[in-house]
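J.: Submitted below is the structure of interest, expressed as structure tokens.
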Amino acid sequence: MSPHRLAMRTLLLGGTRSILAILLIAASLCVLDLFAGHISSARARLEYQAVIGERLGHLAVLRESEPGGPPGSAMFAPAEALRVLQVAQRSPGVSLVVPQMSVSGIASTGARSALFFGEGIVSTPDSVGVAQQLPGKLNPAERRGIAVSRRQANSLGLANGSSVTLTGASLNARSLALEAEVVDIYPGSTPDGTARHPLLMPFSMAQTLLDTERTERIVVYLVDATRTEERRGLLLASLRAAGIPAVVKTWQEQSAAYASERGASDIAFDSVAGMVFAVIAATIAATLAMNALERRREVATLRALGMRSSGVFIMFIMEGLGMALAGVTLSLVASGLIAWIVNRAALSYNTGPALSRAPMLVELDFDRMAMVVLSVLAVTLLAALVPAFKAARGGIAPALAN
Amino acid sequence: MDGMQSEVITPPPARQLTPLVSLARVHKVYGGALLGVHALHDIDLQLVPGEIVSVCGPCGSGKTSLLNIAGMLDTATEGSVAVASLLVSKLSEQARADLRGDMIGFVFQSFSLIPVLTARENVLLPLLLRARLERSEMAAAQERADLLLSRLGLAAQAGHYPQRLDASQSQRVAIARALITRPRLVIADEPTSRLEQGAIRQVMDLFAQQQTQHGTAFLISTRDQRQLSRATRTLQLSEGRLLAATTVRGRRPIGAQR
């Protein structure tokens with residue numbers, strides 16, 4: 001009988017301690033899996049908010065420029081912008097390519113004023129893939145028409161048809177003002193108050209406010225968001241081949257909210273994971289140490305009957321790994337079940353100072369779960385080493401007399 | 001001694017046979033030389049194939065220490081121990097484990113059955129620890145395990161776990177386990193202490209059969225007169241000293257009869 005089979009038999013028929021250890025490991029991992037799932041869900045919402053809600057797209061092509069260059073040097077000249085559009089549209093896996101301009105300033109109704117962060121966009125027909133999901137619709141026939149988020153509309157007291165004066169600073173630092181008319185009020189793509197919901201205006205209006213004919217960036221929406229990095233490389237290569245001085249940024253690099261959440265959630269996850277791994281290591285080490293102590297006679301018998309010390313060592317290591325694997329398996333089943341229940345229960349939680357509510361969703365993050373499983377097995381192996389070594393090294397005769 | 005004629009002799013029995021176990025001037029001290037307990041004093045012993053050697057003496061006389069050292073479960077503080085002509089002190093832990101598995105069957109005083117294995121699996125354990133068995137070998141081994149259990153009156157308990165066995169049944173399983181490999185030497189520490197009259201006879205018959213058919217040697221610690229009567233030699237221990245070696249006239253090691 002191999003040490004592995006003996007170890008598995010001991011686990012299967014083992015005492016309460018092993019079962020408790022397995023349950024503790026399973027519960028700890030379940031917490032970690034669900035936390036990872038919630039982070040994944042929150043990131044998916046942030047991705048949607050950044051790519052669609054803030055219209056950052058999956059990729060943005062910006063002009064490569066020296067810092068401190070003349071105004072407008074970080075923008076594409078009209079001919080360059082046209083070439084970038086053409087190159088990007090020919091790039092594989094692209095769903096939509098649109099030029100965009102960021103512009104900020106003060107919006108004033110006469111009665112109320114507020115800062116605005118605007119985006120000059122080109123109206124796209126809803127039939128074009130991702131365009132259906134983009135918030136805020138401009139009227140191509142209305143050159144002064146703008147779309148504002150409900151939040152902004154409320155703060156300025158705007159309604160459809162309301163007039164508003166937009167004042168911005170041009171690239172040459174001149175103050176320019178334009179009259180605009182609200183043609184659409186759109187809901188924010190996320191309910192929390194931290195999301196950035198831009199004021200949308202025709203692309204030409206943004207150019208006018210900035211007093212330039214240049215284009216700040218070309219935004220690219222991809223068919224498959226999971227291949228963003230790969231597509232970035234291809235697009236950049238194509239742009240370089242076309243002799244266009246450009247840099248390509250992903251939405252993750254552009255979204256401040258995502259970068260902030262990612263950093264915070266990574267720290268939180270690493271902290272929880274560290275605690276969970278410490279609990280698992282202590283559980284495995286304590287359980288095996290107690291098992292080794294209680295089973296001194298059994299181990300001595302096995303050695304007396306011809307099992308080598310290495311066999312005893314392997315047996316205890318396998319017991320530890322068996323416990324961890326049983327815990328992992330149980331945790332996967334429990335995590336799946338709990339995630340399903342949580343998602344079905346449509347729970348929500350408060351977010352930020354605005355106390356708006358976000359859905360509590362769990363999208364199991366299988367990549368992270370796989371990493372957790374591998375880490376648990378590694379931690380288990382390390383935790384089992386000392387008890388296994390001690391179990392394999394004791395004297396046979398004293399243990400038999402025990 | 002149970003109606004047998006006996007005489008006290010000093011030389012080892014059957015000088016023509018190569019000893020399975022040879023102890024020369026063995027001392028065993030537990031707990032350090034100065035304040036330690038001297039369990040064995042200057043023991044000389046040779047055990048040849050086919051012998052049944054009983055070791056008797058009161059509690060604390062050193063019987064278990066002697067058996068442990070002869071079975072390579074413990075080391076001598078002084079003196080030399082050879083098993084199958086190999087000097088034990090020169091053997092690695094691994095080599096000792098292999099040698100134990102290959103040639104010695106043990107019956108421990110407290111039975112020491114593995115709780116997660118059935119009675120049949122406990123009996124098969126020494127075989128399974130030695131090597132991975134082919135299907136046909138496994139079938140033959142199981143047949144032999146069942147036969148041994150049956151000979152010891154445990155056919156119905158073959159599938160029981162040790163928790164469901166009483167002391168007598170556990171002891172018989174431990175005896176079957178010691179014999180499953182047809183070892184050249186069986187070291188048994190009070191192997192019939194929990195058995196009733198009929199079971200003792202079954203066990204002693206089985207030992208005798210092993211001795212006759214396979215030339216198995218037995219080193220048995222016992223206080224049971226019925227076992228002493230079956231022995232070819234009896235060693236009397238007191239306070240760790242070998243007081244007397246008694247050979248029963250008419251009983252000789254199997255190999256020595258040729």
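Naming scheme: A, B, ... for chains in displayed order of the structure tokens; residues 1 onward per chain; ligands 1 onward as shown.
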Could you give me the residues within stretch 42-271 of chain A that DSSP places in strand (DSSP E or B), as a count of residues only?

T.: 70

J.: Which chain A residues have any atom within 10 Å of an atom of chain B, and for each, what is the nearest pair of atoms with distance in Å to one decimal, counting only C-alpha atoms, rows sorted by chain and number, as JSON lines?

T.:
{"residue": "A:Met1", "atom": "CA", "partner": "B:Leu128", "partner_atom": "CA", "distance": 4.3}
{"residue": "A:Ser2", "atom": "CA", "partner": "B:Leu129", "partner_atom": "CA", "distance": 6.6}
{"residue": "A:Pro3", "atom": "CA", "partner": "B:Leu129", "partner_atom": "CA", "distance": 8.5}
{"residue": "A:Leu6", "atom": "CA", "partner": "B:Val116", "partner_atom": "CA", "distance": 8.2}
{"residue": "A:Ala7", "atom": "CA", "partner": "B:Val116", "partner_atom": "CA", "distance": 9.7}
{"residue": "A:Met8", "atom": "CA", "partner": "B:Val116", "partner_atom": "CA", "distance": 9.9}
{"residue": "A:Arg9", "atom": "CA", "partner": "B:Val116", "partner_atom": "CA", "distance": 6.4}
{"residue": "A:Thr10", "atom": "CA", "partner": "B:Val116", "partner_atom": "CA", "distance": 5.9}
{"residue": "A:Leu11", "atom": "CA", "partner": "B:Val116", "partner_atom": "CA", "distance": 9.1}
{"residue": "A:Leu12", "atom": "CA", "partner": "B:Val116", "partner_atom": "CA", "distance": 8.7}
{"residue": "A:Leu13", "atom": "CA", "partner": "B:Val116", "partner_atom": "CA", "distance": 6.2}
{"residue": "A:Gly14", "atom": "CA", "partner": "B:Val116", "partner_atom": "CA", "distance": 7.6}
{"residue": "A:Arg295", "atom": "CA", "partner": "B:Ile114", "partner_atom": "CA", "distance": 9.6}
{"residue": "A:Arg297", "atom": "CA", "partner": "B:Ser112", "partner_atom": "CA", "distance": 7.0}
{"residue": "A:Glu298", "atom": "CA", "partner": "B:Ile114", "partner_atom": "CA", "distance": 6.2}
{"residue": "A:Val299", "atom": "CA", "partner": "B:Ile114", "partner_atom": "CA", "distance": 9.0}
{"residue": "A:Ala300", "atom": "CA", "partner": "B:Leu73", "partner_atom": "CA", "distance": 8.9}
{"residue": "A:Thr301", "atom": "CA", "partner": "B:Ser112", "partner_atom": "CA", "distance": 6.4}
{"residue": "A:Leu302", "atom": "CA", "partner": "B:Pro126", "partner_atom": "CA", "distance": 8.3}
{"residue": "A:Arg303", "atom": "CA", "partner": "B:Ala97", "partner_atom": "CA", "distance": 6.6}
{"residue": "A:Ala304", "atom": "CA", "partner": "B:Leu73", "partner_atom": "CA", "distance": 6.5}
{"residue": "A:Leu305", "atom": "CA", "partner": "B:Gly101", "partner_atom": "CA", "distance": 5.3}
{"residue": "A:Gly306", "atom": "CA", "partner": "B:Gly101", "partner_atom": "CA", "distance": 3.9}
{"residue": "A:Met307", "atom": "CA", "partner": "B:Leu129", "partner_atom": "CA", "distance": 6.0}
{"residue": "A:Arg308", "atom": "CA", "partner": "B:Ala97", "partner_atom": "CA", "distance": 5.6}
{"residue": "A:Ser309", "atom": "CA", "partner": "B:Gln94", "partner_atom": "CA", "distance": 7.1}
{"residue": "A:Ser310", "atom": "CA", "partner": "B:Gln94", "partner_atom": "CA", "distance": 8.4}
{"residue": "A:Gly311", "atom": "CA", "partner": "B:Leu129", "partner_atom": "CA", "distance": 9.3}
{"residue": "A:Arg393", "atom": "CA", "partner": "B:Glu93", "partner_atom": "CA", "distance": 9.9}
{"residue": "A:Gly395", "atom": "CA", "partner": "B:Asp74", "partner_atom": "CA", "distance": 7.5}
{"residue": "A:Ile396", "atom": "CA", "partner": "B:Leu73", "partner_atom": "CA", "distance": 5.7}
{"residue": "A:Ala397", "atom": "CA", "partner": "B:Leu73", "partner_atom": "CA", "distance": 5.5}
{"residue": "A:Pro398", "atom": "CA", "partner": "B:Asp74", "partner_atom": "CA", "distance": 8.5}
{"residue": "A:Leu400", "atom": "CA", "partner": "B:Ser112", "partner_atom": "CA", "distance": 7.9}
{"residue": "A:Ala401", "atom": "CA", "partner": "B:Ser110", "partner_atom": "CA", "distance": 8.4}
{"residue": "A:Asn402", "atom": "CA", "partner": "B:Ser110", "partner_atom": "CA", "distance": 9.8}

J.: How would you write, as a ChimeraX atom specification, the set of residues in stretch 24-256 of chain B that DSSP gives as helix (DSSP H, G or I)?

T.: /B:63-70,88-90,93-103,119-130,135-151,155-157,162-164,167-179,197-214,225-230,255-256

J.: Could you give me, as a PyMOL selection string, the residues within 10 Å of A:Ala44, counting only C-alpha atoms and dropping anything in the same chain fewer than 6 positions from it?

T.: chain A and resi 38+50+258+363

J.: Store the residues picked out above, limited to N, CA, C and O atoms, as a compact mmCIF listing (two decimals), in the first residue's frame.

T.:
# COMPACT_ATOMS: atom_id res chain seq x y z
N HIS A 38 -16.43 39.44 -6.26
CA HIS A 38 -17.04 40.76 -6.13
C HIS A 38 -16.13 41.83 -6.75
O HIS A 38 -16.61 42.75 -7.43
N ALA A 50 -16.10 53.16 -17.82
CA ALA A 50 -15.00 53.87 -18.47
C ALA A 50 -15.12 53.80 -19.99
O ALA A 50 -15.05 54.83 -20.68
N TYR A 258 -10.76 53.67 -12.52
CA TYR A 258 -10.37 52.26 -12.58
C TYR A 258 -9.02 52.06 -11.89
O TYR A 258 -8.84 51.12 -11.11
N GLU A 363 -19.05 37.89 -9.80
CA GLU A 363 -18.70 37.18 -11.03
C GLU A 363 -17.43 36.41 -10.72
O GLU A 363 -16.35 37.01 -10.61

J.: Excluding same-chain residues fewer than 2 positions from A:Asn139, what lies within 10 Å of it counting only C-alpha atoms, as an MDAnalysis selection string?

T.: chainID A and resid 123 137 141:147 182:184 201:202

J.: Mind checking which residues fall within 12 Å of A:Gly336, counting only C-alpha atoms, ignoring those fewer than 5 positions away in the same chain, and posting them as a PyMOL selection string?

T.: chain A and resi 29-31+33-34+37+329-331+341-343+362-366+369

J.: Neighbours of B:His38 within 9 Å (only C-alpha atoms; same-chain residues fewer than 2 positions away dropped), as a ChimeraX atom specification?

T.: /B:27-31,33,36,40-41,62,239-240

J.: For A:Leu134, which of A:Gly168, A:Gly157, A:Gly243, A:Gly53 is the closest residue, counting only C-alpha atoms?

T.: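 Result for the nearest residue to A:Leu134: A:Gly53.
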
J.: Excluding A:Val248 and residues on its chain fewer than 2 positions from it, collect all residues at most 9 Å away from it, counting only C-alpha atoms, and give them as number ranges by chain.

T.: A: 59-63, 232-233, 235-236, 246, 250

J.: Between B:Val21, B:Ala119, B:Leu185, B:Ile180, which one has atoms that come closest to B:Gly159, using only C-alpha atoms?

T.: B:Ala119

J.: Can you measure atom CA of A:Leu176 to atom CA of A:Leu209 for me? One decimal in Å is fine.

T.: 5.9 Å

J.: Looking at only C-alpha atoms, which of A:Thr109, A:Thr167, A:Thr283, A:Ser95 is the one that sits closest to A:Val219?

T.: A:Ser95
